[in-house]
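Visitor: The structure is given below, and queries will be raised subsequently.
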2 protein chains.
Amino acid sequence: QGTRDHPPAHVALRDRLLAAVVACFKRHGAAAIDTPVLELRETLTGKYGEDTKLIYELQDQGGELLALRYDLTVPFARYLAMNKITNMKRYHVAKVYRRDNPATTRGRYREFYQCDFDIAGQFDPMIPDAECLKIVHEILSALQLGDFLIKVNDRRILNGVFAVCGVPESKFITTCSTVDKLDKMPWEEVKSEMVGEKGLSPEAADHIGEYVQLHGGLDLIEQLLQDPKLSQNKLAKEGLGDMKLLFEYLTLFGITGQISFDLSLARGLDYYTGVIFEAVLLQQENDHVEEPVSVGSVAGGGRYDGLVGVFDPKGRKVPCVGVSIGIERIFSILEQRVKASGEKVRTTETQVLVATPQKHLLAARLKLISELWDAGIKAEMLYKKDPKLLKQLQYCEDMGIPLAAIVGEQELTDGVVKLRDVARREEVRI
Amino acid sequence: QGTRDHPPAHVALRDRLLAAVVACFKRHGAAAIDTPVLELRETLTGKYGEDTKLIYELQDQGGELLALRYDLTVPFARYLAMNKITNMKRYHVAKVYRRDNPATTRGRYREFYQCDFDIAGQFDPMIPDAECLKIVHEILSALQLGDFLIKVNDRRILNGVFAVCGVPESKFITTCSTVDKLDKMPWEEVKSEMVGEKGLSPEAADHIGEYVQLHGGLDLIEQLLQDPKLSQNKLAKEGLGDMKLLFEYLTLFGITGQISFDLSLARGLDYYTGVIFEAVLLQQENDHVEEPVSVGSVAGGGRYDGLVGVFDPKGRKVPCVGVSIGIERIFSILEQRVKASGEKVRTTETQVLVATPQKHLLAARLKLISELWDAGIKAEMLYKKDPKLLKQLQYCEDMGIPLAAIVGEQELTDGVVKLRDVARREEVRI
């Protein structure tokens with residue numbers, strides 16, 4: 001349940017998509033690593049907040065207790081700590097596993113690819129963070145998915161907001177998961193969860209509500225830096241200062257047009273400590289609606305400065321920031337587009353079919369195709385001793401093979417091959 | 001246990017290796033499919049003989065009972081049956097999982113890549129089978145792994161041998177697994193397992209021993225076709241007839257020099273029904289030994305005409321033949337070779353580092369690198385506000401980045417960039 005087989009047309013399209021993403025990661029100087037699908041259960045425990053229950057666990061068959069990786073971030077942090085690496089820019093494209101309620105029509109599966117790019121190391125503030133946002137911008141632009149918006153926030157600003165609204169520190173993380181639901185639920189429901197389930201006072205909730213409905217750009221950052229309460233909070237002030245710096249760098253990159261500082265963005269995971277962000281595609285069809293409607297997140301990430309330290313025996317921290325591209329949703333969109341356009345995706349790359357017009361020429365075909373393969377040419381033949389020429393040419397048409405190399409008795413005698421352009425129906429002897 | 005993280009140098013080398021294998025599969029006109037890592041437990045049960053105990057099972061967390069795939073062949077057969085596909089040439093490169101005793105120095109892990117190519121469909125005999133062997137030959141040649149030998153046998157011939165030696169049919173499969181150990185144990189031990197554990201008579205075992213120690217080429221096939229007992233056995237006769245045909249095709253491909261018809265080859269898996277084969281690398285160092293010593297199997301496969309039918313509700317069969325390339329062992333060999341040669345594998349593809357020689361030029365760097373990225377150029381910069389020029393050039397040397405694009409105050413004033421060839425220490429203003 002929640003998984004699927006990928007037929008050739010899928011894989012061909014997905015490989016195209018992955019190639020574009022990986023090209024961007026390489027353009028930014030990242031190296032690839034790979035980690036096992038299996039992790040120790042204890043490695044994953046307590047890293048994913050309320051979603052820990054969605055981890056696939058392996059049966060105890062003797063030996064270590066194992067689970068399937070839930071994302072690529074926690075394995076990366078473990079990798080850095082285990083190998084005492086304090087400085088690395090890496091990408092990782094691989095499948096992750098979540099026992100979630102699948103929503104396959106929206107591209108939500110229990111087994112899905114993640115494409116992660118992360119920068120680990122102690123650097124000057126917001127330079128790597130800005131690069132992560134540039135990468136999201138480059139990838140979404142390159143894939144021509146239409147208009148998109150990258151929402152940005154900072155966990156320190158959120159925590160500052162919670163503090164000035166009177167939320168006790170012990171409830172910051174759980175309040176954060178509730179705020180995170182704002183993109184799926186109206187404010188009234190979010191408020192009632194805050195008060196009912198999380199035990200905040202209605203006044204605190206209302207106060208939070210005023211903040212988290214704000215979004216804007218540099219102007220909003222300036223406004224909040226002047227906010228009498230927020231500007232008194234150390235965390236919020238730090239976060240807002242860095243946010244300002246981030247916007248300066250994004251201005252130099254020329255991408256602020258697609259960036260929104262959005263205080264409702266919270267991200268569900270426990271491990272974020274600074275900047276967080278999420279990219280959404282905007283509805284194209286209804287040009288008359290005033291505010292474009294989001295059709296779901298296609299990339300997300302943020303800063304997690306504490307996670308590597310959790311895996312280090314001495315708790316040594318390695319600051320990290322990274323981004324994950326949600327290629328399954330992007331794939332769903334591209335797939336629908338290909339279907340709508342009627343474009344036929346070729347699933348093989350065969351250049352030439354080796355064919356014969358008469359019987360008893362299997363040996364000639366085998367000799368010729370063997371020469372072609374050895375010369376690096378992509379070649380096929382039908383696996384029949386005496387196939388009809390028409391069937392052979394039909395196979396070319398069905399599979400989009402552009403050429404047929406035909407050897408008949410006459411060609412054998414003359415020491416030539418008849419090369420046929422399948423679409424034009426033209427032949428030359430060579 | 002038995003798994004490992006792959007650092008960038010690993011992944012870079014592995015990607016090179018996988019690219020060569022996939023290029024060969026595409027050259028032969030295969031399309032790619034992908035299936036989930038998770039399979040229903042019942043799909044895997046009873047397909048792997050004595051090795052079924054090595055399957056990783058998932059914890060029952062509600063819902064279906066799941067396991068991790070053990071190979072790519074069973075999922076392929078399930079895929080064909082589920083989708084009612086009767087004709088397909090596909091490749092699949094993915095990881096599989098086995099709770100085996102790891103022997104990591106010999107490249108044997110619990111999580112490892114398999115690279116499979118299979119041809120499904122009802123065709124004229126031995127044409128697809130011959131292509132599978134051609135593929136093994138092409139890949140091992142292309143990777144320049146030194147001398148290799150592809151052993152070929154046929155399950156029908158083996159079963160014929162067992163029959164004429166007086167083994168009851170119910171013991172064919174289990175006797176087959178014992179014969180399969182001949183590459184790791186001397187004949188005396190294999191015999192004692194046949195007699196002691198499997199309950200064959202010592203005479204039957206000795207008789208089998210005479211056959212399974214034979215190996216050769218067309219001459220041996222002819223000899224066995226004349227064998228008074230074997231030639232009376234229907235299965236053996238069919239198998240030998242096809243083996244003769246196979247050798248004819250392999251002669252046309254020009255690869256019989258690396259092929260040996262070897263009656264000791266049995267292959268452990270239950271599902272094979274016809275031709276089976278396995279490629280081994282031959283020891284290079286000791287030229288004086290008479291018989292080259294095998295250093296382990298690097299590819300294997302065979303025909304499995306019954307497996308798809310097992311998954312079809314009506315038992316409809318789809319004949320299949322395929323090959324699996326053992327890239328982990330090949331990787332171990334190549335890795336040792338790279339180490340020995342001292343070659344430095346670049347793990348990134350960065351073309352240019354954007355650098356500044358003075359302070360307060362971060363904005364200039366960010367603007368320039370952004371232009372380069374947008375132009376598709378692979379570019380990096382140090383994540384520091386004011387890095388020293390020496391450090392920046394040192395980074396180029398360490399990472400093998402060929403060029404540095406330097407913007408200083410003078411360059412900014414003049415509207416130029418200084419491009420430095422790092423290795424030659426030459427600069428031009430552009």
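By order in the structure tokens, chains are A, B, ...; within a chain, residues start at 1; ligands start at 1, following the order shown.
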Do a neighbour search on Lys229 in chain A at 9 Å with only C-alpha atoms, toss out local chain neighbours closer than 3 positions, and write the hits as a list in words.
Guide: Val161, Val164, Gln226, Gln232 and Asn233 of chain A
Visitor: Given only C-alpha atoms, how would the per-residue table for chain B near chain A read, listing every residue at most 6 Å away with its closest atom pair and distance in Å to one decimal, sorted by chain and number, as a Markdown table?
Guide:
| residue | atom | partner | partner_atom | distance |
| --- | --- | --- | --- | --- |
| B:Asp5 | CA | A:Thr35 | CA | 4.4 |
| B:His6 | CA | A:Asp34 | CA | 4.8 |
| B:Pro7 | CA | A:Ile33 | CA | 5.0 |
| B:Pro8 | CA | A:Ile33 | CA | 5.0 |
| B:Arg27 | CA | A:Lys378 | CA | 3.8 |
| B:His28 | CA | A:Ala379 | CA | 5.8 |
| B:Gly29 | CA | A:Thr350 | CA | 5.2 |
| B:Ala31 | CA | A:Thr348 | CA | 5.1 |
| B:Ala32 | CA | A:Pro8 | CA | 5.2 |
| B:Ile33 | CA | A:Pro8 | CA | 5.0 |
| B:Asp34 | CA | A:His6 | CA | 4.8 |
| B:Thr35 | CA | A:Asp5 | CA | 4.4 |
| B:Glu57 | CA | A:Gln59 | CA | 5.6 |
| B:Leu58 | CA | A:Leu58 | CA | 4.1 |
| B:Gln59 | CA | A:Gln59 | CA | 4.1 |
| B:Phe123 | CA | A:Tyr383 | CA | 5.6 |
| B:Asp124 | CA | A:Lys384 | CA | 5.1 |
| B:Ile127 | CA | A:Tyr383 | CA | 5.8 |
| B:Leu252 | CA | A:Lys367 | CA | 5.5 |
| B:Phe253 | CA | A:Ser370 | CA | 5.6 |
| B:Thr347 | CA | A:Ala31 | CA | 5.5 |
| B:Thr348 | CA | A:Ala31 | CA | 5.1 |
| B:Thr350 | CA | A:Gly29 | CA | 5.2 |
| B:Lys367 | CA | A:Leu252 | CA | 5.5 |
| B:Ser370 | CA | A:Phe253 | CA | 5.6 |
| B:Lys378 | CA | A:Arg27 | CA | 3.8 |
| B:Ala379 | CA | A:His28 | CA | 5.8 |
| B:Glu380 | CA | A:Gly29 | CA | 5.9 |
| B:Tyr383 | CA | A:Phe123 | CA | 5.6 |
| B:Lys384 | CA | A:Asp124 | CA | 5.1 |
Visitor: Excluding same-chain residues fewer than 3 positions from Ile173 in chain B, what lies within 12 Å of it counting only C-alpha atoms, as a count of residues only?
Guide: 29
Visitor: So which residues of range 170-271 of chain A fall under alpha helix (DSSP H) by DSSP, listed as a PyMOL selection string?
Guide: chain A and resi 172-179+187-196+202-212+218-225+234-253
Visitor: Could you state the separation of CA of Asn87 in chain A and CA of Tyr304 in chain A in Å, given to one decimal place?
Guide: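 Distance reported for this atom pair: 14.3 Å.
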Visitor: Which one of B:Val195, B:Leu72, B:Leu389, B:Met243 sits closest to Asp219 in chain B if you count only C-alpha atoms?
Guide: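 Checking each of B:Val195, B:Leu72, B:Leu389, B:Met243 against Asp219 in chain B, counting only C-alpha atoms, the winner is B:Met243.
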Visitor: Looking only at strand (DSSP E) from DSSP on the backbone, list the matching residues of range 85-226 of chain B as a list in words.
Guide: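 Restricting range 85-226 of chain B to strand (DSSP E) produces Met88, Lys89, Arg90, Tyr91, His92, Val93, Ala94, Lys95, Val96, Tyr97, Glu111, Phe112, Tyr113, Gln114, Cys115, Asp116, Phe117, Asp118, Ile119, Ala120, Phe148, Leu149, Ile150, Lys151, Val152, Asn153, Asp154, His215 and Gly216 of chain B.
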Visitor: I want to know what sits within 6 Å of range 321-337 of chain B, based on only C-alpha atoms, with residues of the same chain fewer than 2 positions away left out; could you give that as a PyMOL selection string?
Guide: chain B and resi 107+115-119+298-303+339-340
Visitor: Record the distance separating CA of Cys396 in chain A and CA of Val417 in chain A, expressed in Å with one decimal.
Guide: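 Between CA of Cys396 in chain A and CA of Val417 in chain A the gap works out to 17.2 Å.
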